[in-house]
Amino acid sequence: QLQLVESGGGLVQPGGSLRLSCAGSRFTLDDYAIGWFRQAPGKEREGVSCISSSGGYTNYADSVKGRFTISRDSAKNTVHLQMNNLKSEDTAVYYCAADQSPFNYVCSMVKRPYDYWGQGTQVTVSP
């Protein structure tokens, strides 16, 4: 069974940084577009960032542009989300997801195309 495992969440002060990792088990992440999503209490799950399977296309939610960076580490079969200058409104459970899209040059910021999901990692931004 294909699995995604997130790690790297935690408690951080406003202005701090965290790096989330999404590791693939039993499949190669380079064959999939990868998305990062987050869900705060009482809110819908929203797209944060995504990267195409080729790695040549990335996208970010307006709320995180200039602060978050998504990247692939093919050697480690991992996708990272570097989060800088964190704000209290970034507090949420963060999920990574994989989309086996036939188009390797794009990725989606909505949930529907994604076939596999991780269990999530909590990010809390608080003084």
# chains A, B, ... in the order shown; residues from 1 in each chain; ligands from 1
>>> residues_around(residues="stretch 46-61 of chain A", least_positions_apart="4", cutoff="6 Å", atoms="only C-alpha atoms", output="list in words")
Asp30, Asp31, Tyr32, Ala33, Ile34, Gly35, Trp36, Phe37, Arg38, Lys65, Asn104, Tyr105, Val106, Cys107, Met109 and Val110 of chain A
>>> select_by_dssp(residues="stretch 38-97 of chain A", states="helix (DSSP H, G or I)", output="number ranges by chain")
A: 74-76, 88-90
>>> closest_residue(among="A:Thr124, A:Lys76, A:Trp117, A:Phe103", to="A:Glu89", atoms="only C-alpha atoms")
A:Thr124
>>> residues_around(residues="A:Ser7", least_positions_apart="5", cutoff="8 Å", atoms="only C-alpha atoms", output="PyMOL selection string")
chain A and resi 20-22+121
>>> atom_distance(atom1="atom CA of A:Asn77", atom2="atom CA of A:Gln122")
21.6 Å
>>> closest_residue(among="A:Val5, A:Gln100, A:Pro127, A:Ser17", to="A:Met83", atoms="only C-alpha atoms")
A:Ser17
>>> atom_distance(atom1="atom CA of A:Gly8", atom2="atom CA of A:Cys96")
12.1 Å
>>> residues_around(residues="A:Pro14", least_positions_apart="5", cutoff="12 Å", atoms="only C-alpha atoms", output="compact mmCIF listing (two decimals) with all heavy atoms, in the first residue's frame")
# COMPACT_ATOMS: atom_id res chain seq x y z
N MET A 83 9.04 26.64 5.76
CA MET A 83 8.11 27.68 6.19
C MET A 83 8.87 28.69 7.03
O MET A 83 9.38 28.34 8.11
CB MET A 83 6.96 27.07 6.98
CG MET A 83 6.24 25.94 6.23
SD MET A 83 4.76 25.36 7.08
CE MET A 83 5.45 24.75 8.60
N ASN A 84 8.96 29.91 6.55
CA ASN A 84 9.66 30.98 7.26
C ASN A 84 8.68 32.08 7.66
O ASN A 84 7.58 32.18 7.12
CB ASN A 84 10.74 31.58 6.36
CG ASN A 84 11.82 30.58 5.99
OD1 ASN A 84 12.13 29.66 6.75
ND2 ASN A 84 12.39 30.75 4.81
N ASN A 85 9.12 32.89 8.61
CA ASN A 85 8.30 34.02 9.08
C ASN A 85 6.87 33.56 9.40
O ASN A 85 5.90 34.15 8.93
CB ASN A 85 8.29 35.13 8.03
CG ASN A 85 7.66 36.40 8.54
OD1 ASN A 85 7.60 36.63 9.75
ND2 ASN A 85 7.19 37.24 7.64
N LEU A 86 6.78 32.53 10.19
CA LEU A 86 5.48 31.95 10.49
C LEU A 86 4.61 32.91 11.30
O LEU A 86 5.11 33.69 12.13
CB LEU A 86 5.66 30.63 11.23
CG LEU A 86 6.06 29.45 10.32
CD1 LEU A 86 6.68 28.32 11.12
CD2 LEU A 86 4.87 28.96 9.53
N LYS A 87 3.32 32.82 11.04
CA LYS A 87 2.33 33.68 11.70
C LYS A 87 1.33 32.80 12.43
O LYS A 87 1.18 31.61 12.11
CB LYS A 87 1.62 34.53 10.65
CG LYS A 87 2.54 35.36 9.78
CD LYS A 87 1.77 36.10 8.70
CE LYS A 87 2.70 36.93 7.83
NZ LYS A 87 1.95 37.67 6.78
N SER A 88 0.61 33.39 13.34
CA SER A 88 -0.37 32.63 14.12
C SER A 88 -1.42 31.99 13.20
O SER A 88 -1.90 30.89 13.48
CB SER A 88 -1.04 33.52 15.16
OG SER A 88 -1.66 34.62 14.53
N GLU A 89 -1.73 32.67 12.12
CA GLU A 89 -2.74 32.13 11.20
C GLU A 89 -2.24 30.94 10.39
O GLU A 89 -3.02 30.32 9.65
CB GLU A 89 -3.26 33.22 10.25
CG GLU A 89 -2.20 34.00 9.53
CD GLU A 89 -1.87 35.32 10.23
OE1 GLU A 89 -1.76 35.34 11.49
OE2 GLU A 89 -1.68 36.32 9.50
N ASP A 90 -0.97 30.60 10.49
CA ASP A 90 -0.45 29.39 9.86
C ASP A 90 -0.70 28.15 10.71
O ASP A 90 -0.43 27.03 10.27
CB ASP A 90 1.05 29.53 9.61
CG ASP A 90 1.39 30.62 8.61
OD1 ASP A 90 0.68 30.75 7.60
OD2 ASP A 90 2.37 31.36 8.87
N THR A 91 -1.21 28.34 11.91
CA THR A 91 -1.50 27.21 12.79
C THR A 91 -2.55 26.30 12.17
O THR A 91 -3.63 26.75 11.81
CB THR A 91 -1.98 27.70 14.16
OG1 THR A 91 -0.92 28.42 14.79
CG2 THR A 91 -2.41 26.54 15.04
N VAL A 123 1.16 21.96 13.15
CA VAL A 123 2.00 23.16 13.25
C VAL A 123 1.25 24.17 14.10
O VAL A 123 0.11 24.53 13.80
CB VAL A 123 2.30 23.74 11.86
CG1 VAL A 123 3.00 25.09 12.00
CG2 VAL A 123 3.16 22.78 11.05
N THR A 124 1.90 24.60 15.17
CA THR A 124 1.30 25.59 16.06
C THR A 124 2.24 26.78 16.18
O THR A 124 3.41 26.62 16.55
CB THR A 124 1.04 25.00 17.46
OG1 THR A 124 0.19 23.86 17.33
CG2 THR A 124 0.37 26.03 18.36
N VAL A 125 1.73 27.96 15.84
CA VAL A 125 2.52 29.18 15.92
C VAL A 125 1.93 30.02 17.04
O VAL A 125 0.80 30.50 16.94
CB VAL A 125 2.51 29.94 14.59
CG1 VAL A 125 3.42 31.17 14.68
CG2 VAL A 125 2.92 29.04 13.44
N SER A 126 2.71 30.18 18.11
CA SER A 126 2.19 30.87 19.30
C SER A 126 3.36 31.45 20.08
O SER A 126 4.42 30.84 20.15
CB SER A 126 1.42 29.87 20.17
OG SER A 126 0.92 30.50 21.33
N PRO A 127 3.13 32.63 20.73
CA PRO A 127 4.22 33.23 21.53
C PRO A 127 4.62 32.32 22.69
O PRO A 127 3.81 31.60 23.23
CB PRO A 127 3.60 34.54 22.03
CG PRO A 127 2.46 34.81 21.10
CD PRO A 127 1.96 33.48 20.66
>>> closest_residue(among="A:Ala40, A:Val12, A:Ala92, A:Leu4", to="A:Arg26", atoms="only C-alpha atoms")
A:Leu4
>>> closest_residue(among="A:Gly120, A:Gly66, A:Gly16, A:Gly24", to="A:Ala98", atoms="only C-alpha atoms")
A:Gly24
>>> select_by_dssp(residues="chain A", states="strand (DSSP E)", output="PyMOL selection string")
chain A and resi 3-7+10-12+18-25+33-39+46-51+58-60+68-73+78-83+92-99+116-117+121-125
>>> closest_residue(among="A:Val64, A:Thr69, A:Leu11, A:Ala23", to="A:Gln119", atoms="only C-alpha atoms")
A:Ala23
>>> atom_distance(atom1="atom CA of A:Arg45", atom2="atom CA of A:Leu18")
19.9 Å
